[in-house]
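K.L.:
Pasting a structure here, questions to come.
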Amino acid sequence: MQVQLNDRQQHILWATVRHYIATAEPVGSKALLEEYNLGVSSATIRNAMGVLEKAGLLYQPHTSAGRIPSDSGYRIYVDRLITPSDVWGRQVEQLLQEQLKWEDWSLEALLRGAAQILAKVSGCITLITMPSANMARLRHIQLIQIESGRIMLIVVTDTYETQSVLLDLPTSEADTLLESDPEVIERELQILSNFLNSQLRGRSLCELASLDWNQLDCEFQQYGDRLKTVFADICRRTQPLPTSTQIAIRGVSEVLRQPEFAELQQVQTILHLLEEEQQQLLPFIFEEPELDSNSRRRVTIRIGSENTLEPIRGCTLISSTYRRGTVPVGSVGVLGPTRLDYETAIAIVEAAADYLSEALSN
């Protein structure tokens, strides 16, 4: 939006938005004069607020009331007048590091835990999408003998998901194992595990299903057909439907206490979206952010009417993608009223996306 404001008008717009975010009450010149060091008279503040209203950045909900920011006013506030809070970013990163246990939890549990932490800190509805299974890449393979003629294949992906499959070996191979010393069997399975890790680590599960297994070393060819079948089965089981991406949602009860959600109809509409129509949110959450002119901001911010999805047209959605290496695999966002603490919310989303990206890339 190309609205030309002088320094004084920008300062008064900043103070008006800040005051309204803090109080949820229409803002008058007297309140700004008392609480902010604007260095001008009440009449000058009223004049500047009139200019901002004519520019469409403020409006009066009632004739005798003070003014509140419009969506356009919030947009200028976000784009020109604030800097995300480094303090909050560091605090969120520290909370995630302290409270999430990557070694012990599944990826789904970790992301739901992260959503809970972000909801508590931001006071907003937090939305974190799960990585698509077809994006998962092989991190580790292990073959273990369970009993005579049966081997367990354990597959660990780089999203820390683990799958295991029991292999019933063909009769000839089972007979061979029966005749072998247990230590020899264990050693051979370890050699095979090492070989498969060296050949397959970093490949996607679906890619494994279409490999030319004849290229694998002849020493292990007897296992090739069976492993190919197993990996194809794993791929089929983990391949999601195009619309089946899960979203971890936390913080609904907290944000619905805000005065903006006092109308029952609006609450019901949002709840229906979150509970029954989650997939409609995906195009809005999973959106690559455009860097601002200073290449600082790594989030997408949709304010009020900028949201084309009707149930959230009165809300602000701030989101960013998290990555595995350079590939975006999921998204993290916060949804709240347009009267949002933007400095904090932007910092929280950026910090969470950075933390998840780093954790998944290690």
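All residue names refer to the structure tokens as shown: chains lettered A, B, ... in order, residues numbered from 1 in each chain, ligands numbered from 1 in order.
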Find the spatial neighbours of Leu57 in chain A, counting only C-alpha atoms, within a cut-off of 12 Å - ignore same-chain residues fewer than 6 positions away - and output them as a list in words.
P.N.:
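Using only C-alpha atoms, the neighbours found are Met1, Gln2, Val3, Gln4, Leu5, Gln9, Gln10, Ile12, Leu13, Trp14, Thr16, Val17, Ala48, Met49, Gly50, Val51, Arg67, Ile68, Pro69, Ser70, Asp71, Ser72, Gly73, Tyr74, Arg75, Ile76 and Tyr77 of chain A.
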K.L.:
Just to be explicit: take each residue in the selection above, keep C-alpha atoms, and write the result as an mmCIF file, in the first residue's frame.
P.N.:
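Generated file (result11.cif):
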```cif
data_model
loop_
_atom_site.group_PDB
_atom_site.id
_atom_site.type_symbol
_atom_site.label_atom_id
_atom_site.label_comp_id
_atom_site.auth_asym_id
_atom_site.auth_seq_id
_atom_site.Cartn_x
_atom_site.Cartn_y
_atom_site.Cartn_z
ATOM 1 C CA MET A 1 0.000 0.000 0.000
ATOM 2 C CA GLN A 2 1.464 3.301 -1.110
ATOM 3 C CA VAL A 3 0.353 5.680 1.650
ATOM 4 C CA GLN A 4 2.685 8.575 2.311
ATOM 5 C CA LEU A 5 2.987 9.439 5.990
ATOM 6 C CA GLN A 9 1.854 10.500 11.500
ATOM 7 C CA GLN A 10 3.783 7.237 11.518
ATOM 8 C CA ILE A 12 0.938 8.369 16.060
ATOM 9 C CA LEU A 13 -0.216 5.394 13.987
ATOM 10 C CA TRP A 14 2.309 3.215 15.806
ATOM 11 C CA THR A 16 -2.553 4.010 18.284
ATOM 12 C CA VAL A 17 -2.043 0.425 17.168
ATOM 13 C CA ALA A 48 -2.967 13.499 12.767
ATOM 14 C CA MET A 49 -5.518 10.820 13.679
ATOM 15 C CA GLY A 50 -7.990 12.548 11.354
ATOM 16 C CA VAL A 51 -5.475 12.348 8.527
ATOM 17 C CA ARG A 67 -10.390 5.212 16.715
ATOM 18 C CA ILE A 68 -9.165 1.702 16.044
ATOM 19 C CA PRO A 69 -6.811 0.387 13.338
ATOM 20 C CA SER A 70 -8.169 -0.922 10.050
ATOM 21 C CA ASP A 71 -6.622 -3.894 8.255
ATOM 22 C CA SER A 72 -4.678 -1.377 6.163
ATOM 23 C CA GLY A 73 -3.458 0.349 9.316
ATOM 24 C CA TYR A 74 -2.218 -2.943 10.704
ATOM 25 C CA ARG A 75 -0.503 -3.660 7.386
ATOM 26 C CA ILE A 76 1.532 -0.451 7.509
ATOM 27 C CA TYR A 77 2.265 -1.067 11.180
#
```
K.L.:
Tell me, as a list in words, which residues lie within 9 Å of Leu38 in chain A, counting only C-alpha atoms; anything in the same chain fewer than 5 positions away does not count.
P.N.:
Arg8, His11, Ile12, Ala15, Leu32, Leu33 and Ile45 of chain A
K.L.:
Between A:Ser320, A:Ser42, A:Thr300, A:Ser64, which one has atoms that come closest to Asp79 in chain A, using only C-alpha atoms?
P.N.:
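Looking only at the distances to Asp79 in chain A, the closest residue turns out to be A:Thr300.
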K.L.:
Tell me, which residues of range 40-81 of chain A carry DSSP helix (DSSP H, G or I), written as a JSON list (two decimals) with N, CA, C and O atoms, in the first residue's frame?
P.N.:
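As written to disk, part_6.json reads:
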```json
[["chain", "number", "residue", "atom", "x", "y", "z"],
["A", 42, "SER", "N", -2.51, 17.67, 22.34],
["A", 42, "SER", "CA", -3.65, 16.81, 22.06],
["A", 42, "SER", "C", -4.31, 17.19, 20.75],
["A", 42, "SER", "O", -4.77, 16.32, 19.99],
["A", 43, "ALA", "N", -4.36, 18.49, 20.45],
["A", 43, "ALA", "CA", -4.97, 18.95, 19.19],
["A", 43, "ALA", "C", -4.19, 18.44, 17.99],
["A", 43, "ALA", "O", -4.77, 18.04, 16.96],
["A", 44, "THR", "N", -2.86, 18.44, 18.10],
["A", 44, "THR", "CA", -2.03, 17.93, 17.00],
["A", 44, "THR", "C", -2.25, 16.44, 16.80],
["A", 44, "THR", "O", -2.30, 15.95, 15.66],
["A", 45, "ILE", "N", -2.40, 15.71, 17.91],
["A", 45, "ILE", "CA", -2.65, 14.27, 17.82],
["A", 45, "ILE", "C", -4.00, 14.02, 17.14],
["A", 45, "ILE", "O", -4.11, 13.17, 16.26],
["A", 46, "ARG", "N", -5.03, 14.80, 17.53],
["A", 46, "ARG", "CA", -6.36, 14.63, 16.93],
["A", 46, "ARG", "C", -6.29, 14.91, 15.43],
["A", 46, "ARG", "O", -6.90, 14.21, 14.63],
["A", 47, "ASN", "N", -5.55, 15.92, 15.05],
["A", 47, "ASN", "CA", -5.42, 16.27, 13.64],
["A", 47, "ASN", "C", -4.75, 15.14, 12.86],
["A", 47, "ASN", "O", -5.20, 14.76, 11.76],
["A", 48, "ALA", "N", -3.68, 14.59, 13.44],
["A", 48, "ALA", "CA", -2.97, 13.50, 12.77],
["A", 48, "ALA", "C", -3.85, 12.26, 12.67],
["A", 48, "ALA", "O", -3.86, 11.57, 11.64],
["A", 49, "MET", "N", -4.62, 11.98, 13.72],
["A", 49, "MET", "CA", -5.52, 10.82, 13.68],
["A", 49, "MET", "C", -6.60, 11.02, 12.62],
["A", 49, "MET", "O", -7.04, 10.05, 11.96],
["A", 50, "GLY", "N", -7.03, 12.26, 12.42],
["A", 50, "GLY", "CA", -7.99, 12.55, 11.35],
["A", 50, "GLY", "C", -7.41, 12.26, 9.98],
["A", 50, "GLY", "O", -8.09, 11.73, 9.10],
["A", 51, "VAL", "N", -6.15, 12.63, 9.80],
["A", 51, "VAL", "CA", -5.48, 12.35, 8.53],
["A", 51, "VAL", "C", -5.37, 10.84, 8.30],
["A", 51, "VAL", "O", -5.62, 10.33, 7.20],
["A", 52, "LEU", "N", -5.02, 10.10, 9.36],
["A", 52, "LEU", "CA", -4.90, 8.64, 9.25],
["A", 52, "LEU", "C", -6.25, 8.00, 8.96],
["A", 52, "LEU", "O", -6.33, 7.01, 8.22],
["A", 53, "GLU", "N", -7.32, 8.59, 9.52],
["A", 53, "GLU", "CA", -8.65, 8.05, 9.24],
["A", 53, "GLU", "C", -9.03, 8.28, 7.78],
["A", 53, "GLU", "O", -9.57, 7.38, 7.10],
["A", 54, "LYS", "N", -8.75, 9.47, 7.26],
["A", 54, "LYS", "CA", -9.06, 9.75, 5.86],
["A", 54, "LYS", "C", -8.26, 8.86, 4.92],
["A", 54, "LYS", "O", -8.73, 8.51, 3.82],
["A", 71, "ASP", "N", -7.58, -2.90, 8.77],
["A", 71, "ASP", "CA", -6.62, -3.89, 8.26],
["A", 71, "ASP", "C", -5.46, -3.21, 7.56],
["A", 71, "ASP", "O", -4.31, -3.64, 7.68],
["A", 72, "SER", "N", -5.75, -2.12, 6.85],
["A", 72, "SER", "CA", -4.68, -1.38, 6.16],
["A", 72, "SER", "C", -3.74, -0.71, 7.16],
["A", 72, "SER", "O", -2.53, -0.63, 6.93],
["A", 73, "GLY", "N", -4.30, -0.23, 8.27],
["A", 73, "GLY", "CA", -3.46, 0.35, 9.32],
["A", 73, "GLY", "C", -2.53, -0.68, 9.93],
["A", 73, "GLY", "O", -1.33, -0.41, 10.14],
["A", 74, "TYR", "N", -3.07, -1.87, 10.20],
["A", 74, "TYR", "CA", -2.22, -2.94, 10.70],
["A", 74, "TYR", "C", -1.13, -3.30, 9.69],
["A", 74, "TYR", "O", 0.01, -3.59, 10.07],
["A", 75, "ARG", "N", -1.48, -3.29, 8.41],
["A", 75, "ARG", "CA", -0.50, -3.66, 7.39],
["A", 75, "ARG", "C", 0.68, -2.70, 7.38],
["A", 75, "ARG", "O", 1.84, -3.14, 7.32],
["A", 76, "ILE", "N", 0.42, -1.41, 7.46],
["A", 76, "ILE", "CA", 1.53, -0.45, 7.51],
["A", 76, "ILE", "C", 2.31, -0.61, 8.81],
["A", 76, "ILE", "O", 3.55, -0.54, 8.82],
["A", 77, "TYR", "N", 1.61, -0.83, 9.89],
["A", 77, "TYR", "CA", 2.27, -1.07, 11.18],
["A", 77, "TYR", "C", 3.23, -2.25, 11.08],
["A", 77, "TYR", "O", 4.39, -2.16, 11.52],
["A", 78, "VAL", "N", 2.79, -3.34, 10.49],
["A", 78, "VAL", "CA", 3.62, -4.54, 10.37],
["A", 78, "VAL", "C", 4.78, -4.33, 9.40],
["A", 78, "VAL", "O", 5.92, -4.72, 9.68],
["A", 79, "ASP", "N", 4.51, -3.70, 8.27],
["A", 79, "ASP", "CA", 5.52, -3.59, 7.22],
["A", 79, "ASP", "C", 6.55, -2.51, 7.49],
["A", 79, "ASP", "O", 7.70, -2.62, 7.06],
["A", 80, "ARG", "N", 6.16, -1.45, 8.19],
["A", 80, "ARG", "CA", 7.05, -0.28, 8.29],
["A", 80, "ARG", "C", 7.47, 0.07, 9.72],
["A", 80, "ARG", "O", 8.53, 0.71, 9.90],
["A", 81, "LEU", "N", 6.67, -0.26, 10.71],
["A", 81, "LEU", "CA", 6.84, 0.39, 12.01],
["A", 81, "LEU", "C", 7.34, -0.51, 13.12],
["A", 81, "LEU", "O", 7.54, -0.03, 14.24]]
```
K.L.:
With only C-alpha atoms counted and 10 Å as the cut-off, give the residues of range 66-141 of chain A in contact with range 256-279 of chain A, each with its shortest interatomic distance in Å and the pair that gives it, as a tab-separated table.
P.N.:
```
residue	atom	partner	partner_atom	distance
A:Gly123	CA	A:Gln258	CA	9.6
A:Cys124	CA	A:Leu256	CA	8.8
A:Ile125	CA	A:Leu256	CA	8.9
A:Leu127	CA	A:Leu274	CA	9.6
```
K.L.:
So that I can see what lies close to Leu200 in chain A, please list as a list in words the residues with an atom at most 9 Å from it, counting only C-alpha atoms and leaving out residues fewer than 4 positions away in the same chain.
P.N.:
Leu138, Arg139, His140, Ile141, Phe195, Leu196, Ser204 and Leu208 of chain A
